[in-house]
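Trainee: This one is data.pdb, PDB, C-alpha atoms.
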```
ATOM      1  CA  MET A   1      -3.287  -6.229  -3.169
ATOM      2  CA  ASP A   2      -3.527  -8.065  -6.497
ATOM      3  CA  GLY A   3      -6.246 -10.365  -7.770
ATOM      4  CA  ASN A   4      -9.499  -8.733  -6.658
ATOM      5  CA  GLY A   5     -11.010  -8.588 -10.137
ATOM      6  CA  ARG A   6      -9.896 -12.096 -11.093
ATOM      7  CA  TRP A   7     -11.270 -13.462  -7.803
ATOM      8  CA  ALA A   8     -14.704 -12.049  -8.677
ATOM      9  CA  GLU A   9     -14.603 -13.171 -12.312
ATOM     10  CA  LYS A  10     -13.793 -16.754 -11.269
ATOM     11  CA  ARG A  11     -17.056 -16.702  -9.313
ATOM     12  CA  GLY A  12     -19.128 -15.068 -12.038
ATOM     13  CA  LEU A  13     -19.384 -11.843 -10.046
ATOM     14  CA  PRO A  14     -18.793  -8.211 -11.040
ATOM     15  CA  ARG A  15     -15.173  -7.122 -10.527
ATOM     16  CA  ALA A  16     -16.394  -4.496  -8.047
ATOM     17  CA  VAL A  17     -17.424  -7.318  -5.697
ATOM     18  CA  GLY A  18     -13.820  -8.477  -5.666
ATOM     19  CA  HIS A  19     -12.624  -5.026  -4.695
ATOM     20  CA  THR A  20     -15.151  -4.930  -1.854
ATOM     21  CA  ARG A  21     -13.887  -8.299  -0.608
ATOM     22  CA  GLY A  22     -10.300  -7.089  -1.009
ATOM     23  CA  ALA A  23     -11.018  -4.050   1.172
ATOM     24  CA  GLU A  24     -12.361  -6.335   3.898
ATOM     25  CA  VAL A  25      -9.208  -8.467   3.725
ATOM     26  CA  PHE A  26      -7.057  -5.337   3.986
ATOM     27  CA  ARG A  27      -8.751  -4.465   7.283
ATOM     28  CA  LYS A  28      -8.109  -7.976   8.619
ATOM     29  CA  ILE A  29      -4.482  -8.049   7.499
ATOM     30  CA  ALA A  30      -3.830  -4.553   8.880
ATOM     31  CA  THR A  31      -5.169  -5.676  12.262
ATOM     32  CA  ALA A  32      -3.065  -8.853  12.074
ATOM     33  CA  CYS A  33       0.065  -6.824  11.301
ATOM     34  CA  LYS A  34      -0.615  -4.557  14.266
ATOM     35  CA  ASP A  35      -1.103  -7.575  16.565
ATOM     36  CA  LEU A  36       2.147  -9.120  15.270
ATOM     37  CA  GLY A  37       4.145  -5.983  16.044
ATOM     38  CA  VAL A  38       4.615  -4.653  12.507
ATOM     39  CA  GLU A  39       5.426  -0.935  12.622
ATOM     40  CA  TYR A  40       4.722  -0.027   8.996
ATOM     41  CA  LEU A  41       2.390  -1.667   6.484
ATOM     42  CA  THR A  42       2.263  -0.282   2.939
ATOM     43  CA  VAL A  43      -0.390  -1.495   0.494
ATOM     44  CA  TYR A  44      -0.762  -0.856  -3.225
ATOM     45  CA  ALA A  45      -4.424   0.055  -3.528
ATOM     46  CA  PHE A  46      -4.622   1.876  -6.888
ATOM     47  CA  SER A  47      -1.829   2.508  -9.371
ATOM     48  CA  THR A  48      -1.409   5.365 -11.829
ATOM     49  CA  GLU A  49      -2.038   2.776 -14.559
ATOM     50  CA  ASN A  50      -5.300   1.601 -12.963
ATOM     51  CA  ASN A  51      -6.927   4.790 -14.272
ATOM     52  CA  ARG A  52      -7.117   2.992 -17.635
ATOM     53  CA  ARG A  53      -9.647   0.514 -16.272
ATOM     54  CA  PRO A  54     -13.378   0.775 -17.098
ATOM     55  CA  GLU A  55     -15.070   3.804 -15.587
ATOM     56  CA  ASP A  56     -17.494   1.755 -13.494
ATOM     57  CA  GLU A  57     -14.636  -0.202 -11.893
ATOM     58  CA  VAL A  58     -12.674   2.965 -11.085
ATOM     59  CA  SER A  59     -15.843   4.514  -9.654
ATOM     60  CA  ALA A  60     -16.387   1.470  -7.433
ATOM     61  CA  ILE A  61     -12.811   1.690  -6.126
ATOM     62  CA  LEU A  62     -13.266   5.396  -5.364
ATOM     63  CA  GLY A  63     -16.462   4.549  -3.498
ATOM     64  CA  LEU A  64     -14.591   2.014  -1.388
ATOM     65  CA  LEU A  65     -11.898   4.613  -0.685
ATOM     66  CA  ARG A  66     -14.499   7.069   0.601
ATOM     67  CA  LYS A  67     -16.050   4.363   2.798
ATOM     68  CA  TYR A  68     -12.645   3.439   4.201
ATOM     69  CA  LEU A  69     -11.747   7.076   4.893
ATOM     70  CA  LEU A  70     -14.970   7.639   6.817
ATOM     71  CA  GLU A  71     -14.467   4.438   8.821
ATOM     72  CA  SER A  72     -10.858   5.356   9.561
ATOM     73  CA  ILE A  73     -11.783   8.805  10.832
ATOM     74  CA  GLU A  74     -14.183   7.129  13.232
ATOM     75  CA  LYS A  75     -11.937   4.254  14.385
ATOM     76  CA  MET A  76      -8.254   5.240  13.987
ATOM     77  CA  GLU A  77      -7.727   6.432  17.544
ATOM     78  CA  ARG A  78      -9.607   3.474  19.012
ATOM     79  CA  ASP A  79      -7.721   0.927  16.887
ATOM     80  CA  GLY A  80      -4.319   2.592  17.333
ATOM     81  CA  ILE A  81      -3.514   2.584  13.613
ATOM     82  CA  ARG A  82      -2.141   5.680  11.900
ATOM     83  CA  LEU A  83      -2.981   6.275   8.246
ATOM     84  CA  LYS A  84      -0.966   7.940   5.491
ATOM     85  CA  PHE A  85      -1.711   8.176   1.786
ATOM     86  CA  LEU A  86       1.064   7.998  -0.798
ATOM     87  CA  GLY A  87       0.695   9.009  -4.434
ATOM     88  CA  ASN A  88      -0.629  11.869  -6.522
ATOM     89  CA  LEU A  89      -3.968  12.623  -4.894
ATOM     90  CA  ASP A  90      -4.783  15.567  -7.162
ATOM     91  CA  ILE A  91      -7.178  13.335  -9.119
ATOM     92  CA  LEU A  92      -9.408  12.934  -6.059
ATOM     93  CA  PRO A  93     -12.526  15.090  -5.655
ATOM     94  CA  PRO A  94     -12.129  17.943  -3.118
ATOM     95  CA  ASP A  95     -14.240  16.191  -0.473
ATOM     96  CA  TYR A  96     -11.974  13.126  -0.652
ATOM     97  CA  ARG A  97      -8.865  15.259  -0.234
ATOM     98  CA  LYS A  98     -10.502  16.891   2.776
ATOM     99  CA  LEU A  99     -11.042  13.458   4.336
ATOM    100  CA  VAL A 100      -7.396  12.544   3.659
ATOM    101  CA  ARG A 101      -6.276  15.736   5.435
ATOM    102  CA  GLU A 102      -8.523  14.816   8.360
ATOM    103  CA  THR A 103      -6.899  11.381   8.653
ATOM    104  CA  ASP A 104      -3.488  13.117   8.591
ATOM    105  CA  GLU A 105      -4.496  15.260  11.557
ATOM    106  CA  ILE A 106      -5.867  12.312  13.521
ATOM    107  CA  SER A 107      -2.692  10.305  12.814
ATOM    108  CA  LYS A 108      -0.660  12.952  14.631
ATOM    109  CA  ARG A 109      -2.523  12.010  17.819
ATOM    110  CA  VAL A 110      -2.266   8.233  17.394
ATOM    111  CA  CYS A 111       0.533   6.010  18.666
ATOM    112  CA  GLY A 112       0.730   2.684  16.894
ATOM    113  CA  MET A 113       1.278   0.986  13.577
ATOM    114  CA  GLN A 114       1.236   3.150  10.467
ATOM    115  CA  ALA A 115      -0.714   1.913   7.452
ATOM    116  CA  ASN A 116       0.406   3.552   4.209
ATOM    117  CA  VAL A 117      -2.083   3.378   1.344
ATOM    118  CA  CYS A 118      -0.663   3.914  -2.140
ATOM    119  CA  PHE A 119      -3.450   5.483  -4.200
ATOM    120  CA  ASN A 120      -2.947   6.805  -7.730
ATOM    121  CA  TYR A 121       0.633   5.814  -7.052
ATOM    122  CA  GLY A 122       3.398   4.762  -9.409
ATOM    123  CA  GLY A 123       7.074   4.403  -8.580
ATOM    124  CA  ARG A 124       8.179   6.230 -11.723
ATOM    125  CA  ASP A 125       5.672   9.031 -11.176
ATOM    126  CA  GLU A 126       6.880   9.355  -7.581
ATOM    127  CA  LEU A 127      10.493   9.709  -8.751
ATOM    128  CA  VAL A 128       9.548  12.374 -11.306
ATOM    129  CA  ARG A 129       7.676  14.340  -8.648
ATOM    130  CA  ALA A 130      10.598  13.917  -6.232
ATOM    131  CA  VAL A 131      13.078  15.315  -8.767
ATOM    132  CA  LYS A 132      10.814  18.324  -9.263
ATOM    133  CA  ARG A 133      10.716  18.874  -5.497
ATOM    134  CA  LEU A 134      14.486  18.558  -5.367
ATOM    135  CA  GLY A 135      14.827  21.610  -7.578
ATOM    136  CA  GLY A 136      18.382  22.883  -7.647
ATOM    137  CA  ALA A 137      19.542  20.992  -4.562
ATOM    138  CA  GLU A 138      22.453  18.572  -4.821
ATOM    139  CA  PRO A 139      20.984  15.220  -5.968
ATOM    140  CA  THR A 140      22.242  12.902  -3.225
ATOM    141  CA  GLU A 141      20.468   9.671  -2.264
ATOM    142  CA  GLN A 142      19.323  11.199   1.020
ATOM    143  CA  ALA A 143      18.120  14.407  -0.635
ATOM    144  CA  LEU A 144      16.044  12.463  -3.142
ATOM    145  CA  SER A 145      14.681  10.154  -0.429
ATOM    146  CA  ASP A 146      13.564  13.212   1.506
ATOM    147  CA  CYS A 147      11.520  14.319  -1.515
ATOM    148  CA  LEU A 148       9.691  11.016  -1.997
ATOM    149  CA  ASP A 149       6.142  10.350  -0.810
ATOM    150  CA  THR A 150       7.696   8.001   1.764
ATOM    151  CA  ALA A 151       9.980  10.619   3.343
ATOM    152  CA  GLY A 152      10.486   9.691   7.003
ATOM    153  CA  ILE A 153       9.220   6.133   6.480
ATOM    154  CA  PRO A 154      11.741   3.247   6.592
ATOM    155  CA  ASP A 155      12.318   1.326   3.371
ATOM    156  CA  PRO A 156      10.353  -1.929   3.282
ATOM    157  CA  ASP A 157      12.035  -5.053   4.637
ATOM    158  CA  LEU A 158       9.599  -7.402   2.924
ATOM    159  CA  ILE A 159       7.302  -7.103  -0.097
ATOM    160  CA  ILE A 160       4.593  -9.747  -0.465
ATOM    161  CA  ARG A 161       2.838  -9.937  -3.823
ATOM    162  CA  PRO A 162      -0.269 -12.114  -4.023
ATOM    163  CA  GLY A 163      -2.120 -12.878  -7.233
ATOM    164  CA  GLY A 164       0.409 -15.028  -9.071
ATOM    165  CA  GLU A 165       2.376 -12.291 -10.871
ATOM    166  CA  LYS A 166       6.126 -12.076 -10.241
ATOM    167  CA  ARG A 167       6.992  -8.415 -10.731
ATOM    168  CA  LEU A 168       6.932  -5.144  -8.781
ATOM    169  CA  SER A 169       4.532  -3.423 -11.193
ATOM    170  CA  ASN A 170       5.898   0.068 -10.496
ATOM    171  CA  PHE A 171       5.617  -0.314  -6.699
ATOM    172  CA  LEU A 172       8.153   1.473  -4.454
ATOM    173  CA  LEU A 173      10.885   1.220  -7.086
ATOM    174  CA  TRP A 174      13.414   3.310  -5.148
ATOM    175  CA  GLN A 175      12.517   1.996  -1.706
ATOM    176  CA  ALA A 176      12.495  -1.687  -2.704
ATOM    177  CA  ALA A 177      16.217  -1.787  -3.588
ATOM    178  CA  TYR A 178      17.023  -4.270  -0.794
ATOM    179  CA  ALA A 179      13.576  -5.541   0.147
ATOM    180  CA  GLU A 180      13.048  -9.286   0.330
ATOM    181  CA  LEU A 181      10.382 -10.444  -2.135
ATOM    182  CA  ILE A 182       7.787 -13.172  -1.665
ATOM    183  CA  PHE A 183       5.304 -14.108  -4.399
ATOM    184  CA  THR A 184       2.201 -16.203  -3.854
ATOM    185  CA  ASP A 185      -0.486 -17.490  -6.227
ATOM    186  CA  THR A 186      -3.176 -16.678  -3.656
ATOM    187  CA  LEU A 187      -5.520 -13.974  -4.927
ATOM    188  CA  TRP A 188      -5.727 -11.071  -2.477
ATOM    189  CA  PRO A 189      -9.352 -11.711  -1.378
ATOM    190  CA  ASP A 190      -8.258 -15.181  -0.224
ATOM    191  CA  PHE A 191      -5.116 -13.973   1.585
ATOM    192  CA  THR A 192      -5.150 -14.854   5.291
ATOM    193  CA  LYS A 193      -3.303 -14.118   8.496
ATOM    194  CA  GLU A 194      -1.881 -17.641   8.321
ATOM    195  CA  GLU A 195      -0.311 -16.922   4.928
ATOM    196  CA  LEU A 196       1.027 -13.640   6.280
ATOM    197  CA  VAL A 197       2.694 -15.436   9.193
ATOM    198  CA  ALA A 198       4.132 -18.042   6.808
ATOM    199  CA  ALA A 199       5.670 -15.232   4.735
ATOM    200  CA  PHE A 200       7.193 -13.720   7.874
ATOM    201  CA  GLU A 201       8.732 -17.104   8.726
ATOM    202  CA  VAL A 202      10.297 -17.351   5.257
ATOM    203  CA  PHE A 203      11.601 -13.802   5.615
ATOM    204  CA  SER A 204      13.123 -14.497   9.036
ATOM    205  CA  ALA A 205      15.177 -17.357   7.563
ATOM    206  CA  ARG A 206      16.735 -15.236   4.835
ATOM    207  CA  LYS A 207      20.165 -13.589   5.123
ATOM    208  CA  ARG A 208      20.265  -9.929   4.157
ATOM    209  CA  ARG A 209      23.726  -8.843   3.041
ATOM    210  CA  TYR A 210      22.967  -5.477   1.385
ATOM    211  CA  GLY A 211      25.645  -6.150  -1.216
ATOM    212  CA  GLY A 212      28.233  -7.369   1.303
ATOM    213  CA  VAL A 213      29.405 -10.845   2.244
ATOM    214  CA  ASP A 214      29.074 -12.969   5.365
ATOM    215  CA  ARG A 215      31.954 -12.703   7.808
TER     216      ARG A 215
END
```
Take the structure I supplied and represent it as structure tokens, if you would.
Mentor:
Amino acid sequence: MDGNGRWAEKRGLPRAVGHTRGAEVFRKIATACKDLGVEYLTVYAFSTENNRRPEDEVSAILGLLRKYLLESIEKMERDGIRLKFLGNLDILPPDYRKLVRETDEISKRVCGMQANVCFNYGGRDELVRAVKRLGGAEPTEQALSDCLDTAGIPDPDLIIRPGGEKRLSNFLLWQAAYAELIFTDTLWPDFTKEELVAAFEVFSARKRRYGGVDR
């Protein structure tokens, strides 16, 4: 969900305002994905590298996370959206981790789309943690996949990156091996359902060969 800070700066606003707007757009896009029949939506909310940002910006993002957790606990069952957090959550205060565990429990009772939120997440960090979990087991692709934060979640079919940058930025490095990629200059706070649908239409026209050839 790239471009929140730049969106705010272009308008002469504090970067935190951009993150607030970005959180609102996430809610709208999550609802749109559910209505369109998407089974899994994974968003990059806060990377391991984002910890280097100014303290006030990180604090504002944590405040938005708490607000979203409280709202989710209240609305998940009604909205039919399951919630799962990916990443190293050890940096979160104990009360935040308690809220995450509560969303995990509620998700077990919900049937519907699953929204995965990557928080304090980095693809390289995830792989390091997965190898540690693997221990002395035989390092097969399946064994390593089972030790990732995304264990049990299908690999992404499509990755959409707004904000104008054309790179993965440490996002789902293992899982994205055969994902289709779409880049857009639209900053995340301006991203709409219409642009989401347009990306789906581009995706539907692509041929996915997974290293093979057409027959």
Trainee: Here's the selection I'm unsure about, the PyMOL selection byres ((chain A and resi 206-215) around 9); applied to the file above, which residues does it give, as a ChimeraX atom specification?
Mentor: /A:178-180,202-205
Trainee: Given the file above and the PyMOL selection byres ((chain A and resi 75-83) around 6), which residues are selected, and can you give them as a list of chain:residue names?
Mentor: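 Expected selection for the PyMOL selection byres ((chain A and resi 75-83) around 6) here is A:Ser72, A:Ile73, A:Glu74, A:Lys84, A:Ser107, A:Val110, A:Gly112, A:Met113, A:Gln114, A:Ala115, A:Asn116.
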Trainee: Spell out the residues picked by the PyMOL selection byres ((chain A and resi 2) around 8) here, as a ChimeraX atom specification.
Mentor: /A:1,3-4,161-163,187-188
Trainee: Would you mind reading off the distance between CA of Cys118 in chain A and CA of Leu134 in chain A, one decimal, in Å?
Mentor: 21.3 Å
Trainee: By how many Å are CA of Leu127 in chain A and CA of Leu148 in chain A apart?
Mentor: 6.9 Å
Trainee: Would you mind listing what lies within 12 Å of Lys98 in chain A as a PyMOL selection string, with only C-alpha atoms counted and same-chain residues fewer than 4 positions away left out?
Mentor: chain A and resi 66+69-70+73+89-90+92-94+102-105
Trainee: Find the residue from A:Asp95, A:Asp56, A:Asp125, A:Glu201 that sits nearest to Trp174 in chain A; use only C-alpha atoms when measuring.
Mentor: A:Asp125
Trainee: Export range 126-149 of chain A from the structure block above, keeping N, CA and C atoms, as a PDB file, in the first residue's frame.
Mentor:
```
ATOM      1  N   GLU A 126      11.398 -13.250   6.857  1.00  0.00           N
ATOM      2  CA  GLU A 126      10.509 -14.407   6.908  1.00  0.00           C
ATOM      3  C   GLU A 126      11.261 -15.690   6.564  1.00  0.00           C
ATOM      4  N   LEU A 127      12.125 -15.636   5.548  1.00  0.00           N
ATOM      5  CA  LEU A 127      12.879 -16.816   5.141  1.00  0.00           C
ATOM      6  C   LEU A 127      13.863 -17.244   6.231  1.00  0.00           C
ATOM      7  N   VAL A 128      14.505 -16.277   6.868  1.00  0.00           N
ATOM      8  CA  VAL A 128      15.424 -16.602   7.969  1.00  0.00           C
ATOM      9  C   VAL A 128      14.671 -17.283   9.104  1.00  0.00           C
ATOM     10  N   ARG A 129      13.512 -16.730   9.450  1.00  0.00           N
ATOM     11  CA  ARG A 129      12.721 -17.336  10.535  1.00  0.00           C
ATOM     12  C   ARG A 129      12.217 -18.715  10.135  1.00  0.00           C
ATOM     13  N   ALA A 130      11.880 -18.891   8.853  1.00  0.00           N
ATOM     14  CA  ALA A 130      11.404 -20.194   8.378  1.00  0.00           C
ATOM     15  C   ALA A 130      12.509 -21.242   8.477  1.00  0.00           C
ATOM     16  N   VAL A 131      13.728 -20.874   8.100  1.00  0.00           N
ATOM     17  CA  VAL A 131      14.849 -21.816   8.180  1.00  0.00           C
ATOM     18  C   VAL A 131      15.086 -22.229   9.632  1.00  0.00           C
ATOM     19  N   LYS A 132      14.956 -21.283  10.547  1.00  0.00           N
ATOM     20  CA  LYS A 132      15.117 -21.615  11.964  1.00  0.00           C
ATOM     21  C   LYS A 132      14.033 -22.595  12.422  1.00  0.00           C
ATOM     22  N   ARG A 133      12.808 -22.384  11.944  1.00  0.00           N
ATOM     23  CA  ARG A 133      11.721 -23.304  12.296  1.00  0.00           C
ATOM     24  C   ARG A 133      11.956 -24.686  11.682  1.00  0.00           C
ATOM     25  N   LEU A 134      12.563 -24.705  10.522  1.00  0.00           N
ATOM     26  CA  LEU A 134      12.820 -25.963   9.835  1.00  0.00           C
ATOM     27  C   LEU A 134      13.733 -26.870  10.649  1.00  0.00           C
ATOM     28  N   GLY A 135      14.668 -26.261  11.359  1.00  0.00           N
ATOM     29  CA  GLY A 135      15.558 -27.046  12.211  1.00  0.00           C
ATOM     30  C   GLY A 135      16.351 -28.058  11.403  1.00  0.00           C
ATOM     31  N   GLY A 136      16.315 -29.297  11.845  1.00  0.00           N
ATOM     32  CA  GLY A 136      17.072 -30.346  11.172  1.00  0.00           C
ATOM     33  C   GLY A 136      16.292 -31.112  10.129  1.00  0.00           C
ATOM     34  N   ALA A 137      15.073 -30.647   9.812  1.00  0.00           N
ATOM     35  CA  ALA A 137      14.261 -31.352   8.823  1.00  0.00           C
ATOM     36  C   ALA A 137      14.859 -31.198   7.431  1.00  0.00           C
ATOM     37  N   GLU A 138      14.523 -32.123   6.539  1.00  0.00           N
ATOM     38  CA  GLU A 138      15.021 -32.063   5.174  1.00  0.00           C
ATOM     39  C   GLU A 138      14.484 -30.794   4.496  1.00  0.00           C
ATOM     40  N   PRO A 139      15.359 -29.981   3.915  1.00  0.00           N
ATOM     41  CA  PRO A 139      14.934 -28.683   3.365  1.00  0.00           C
ATOM     42  C   PRO A 139      14.317 -28.790   1.968  1.00  0.00           C
ATOM     43  N   THR A 140      13.115 -29.359   1.890  1.00  0.00           N
ATOM     44  CA  THR A 140      12.388 -29.392   0.626  1.00  0.00           C
ATOM     45  C   THR A 140      11.582 -28.113   0.453  1.00  0.00           C
ATOM     46  N   GLU A 141      11.102 -27.859  -0.773  1.00  0.00           N
ATOM     47  CA  GLU A 141      10.280 -26.670  -1.003  1.00  0.00           C
ATOM     48  C   GLU A 141       9.034 -26.692  -0.125  1.00  0.00           C
ATOM     49  N   GLN A 142       8.383 -27.854  -0.033  1.00  0.00           N
ATOM     50  CA  GLN A 142       7.162 -27.940   0.756  1.00  0.00           C
ATOM     51  C   GLN A 142       7.449 -27.738   2.237  1.00  0.00           C
ATOM     52  N   ALA A 143       8.556 -28.322   2.716  1.00  0.00           N
ATOM     53  CA  ALA A 143       8.895 -28.184   4.134  1.00  0.00           C
ATOM     54  C   ALA A 143       9.148 -26.724   4.484  1.00  0.00           C
ATOM     55  N   LEU A 144       9.863 -26.020   3.611  1.00  0.00           N
ATOM     56  CA  LEU A 144      10.126 -24.607   3.882  1.00  0.00           C
ATOM     57  C   LEU A 144       8.841 -23.791   3.800  1.00  0.00           C
ATOM     58  N   SER A 145       7.994 -24.089   2.805  1.00  0.00           N
ATOM     59  CA  SER A 145       6.721 -23.375   2.681  1.00  0.00           C
ATOM     60  C   SER A 145       5.875 -23.529   3.933  1.00  0.00           C
ATOM     61  N   ASP A 146       5.934 -24.716   4.518  1.00  0.00           N
ATOM     62  CA  ASP A 146       5.149 -24.990   5.725  1.00  0.00           C
ATOM     63  C   ASP A 146       5.668 -24.228   6.940  1.00  0.00           C
ATOM     64  N   CYS A 147       6.871 -23.680   6.844  1.00  0.00           N
ATOM     65  CA  CYS A 147       7.451 -22.923   7.953  1.00  0.00           C
ATOM     66  C   CYS A 147       7.350 -21.414   7.759  1.00  0.00           C
ATOM     67  N   LEU A 148       6.796 -20.988   6.631  1.00  0.00           N
ATOM     68  CA  LEU A 148       6.639 -19.562   6.363  1.00  0.00           C
ATOM     69  C   LEU A 148       5.433 -19.001   7.107  1.00  0.00           C
ATOM     70  N   ASP A 149       5.381 -17.682   7.220  1.00  0.00           N
ATOM     71  CA  ASP A 149       4.214 -17.034   7.838  1.00  0.00           C
ATOM     72  C   ASP A 149       2.941 -17.362   7.076  1.00  0.00           C
TER      73      ASP A 149
END
```
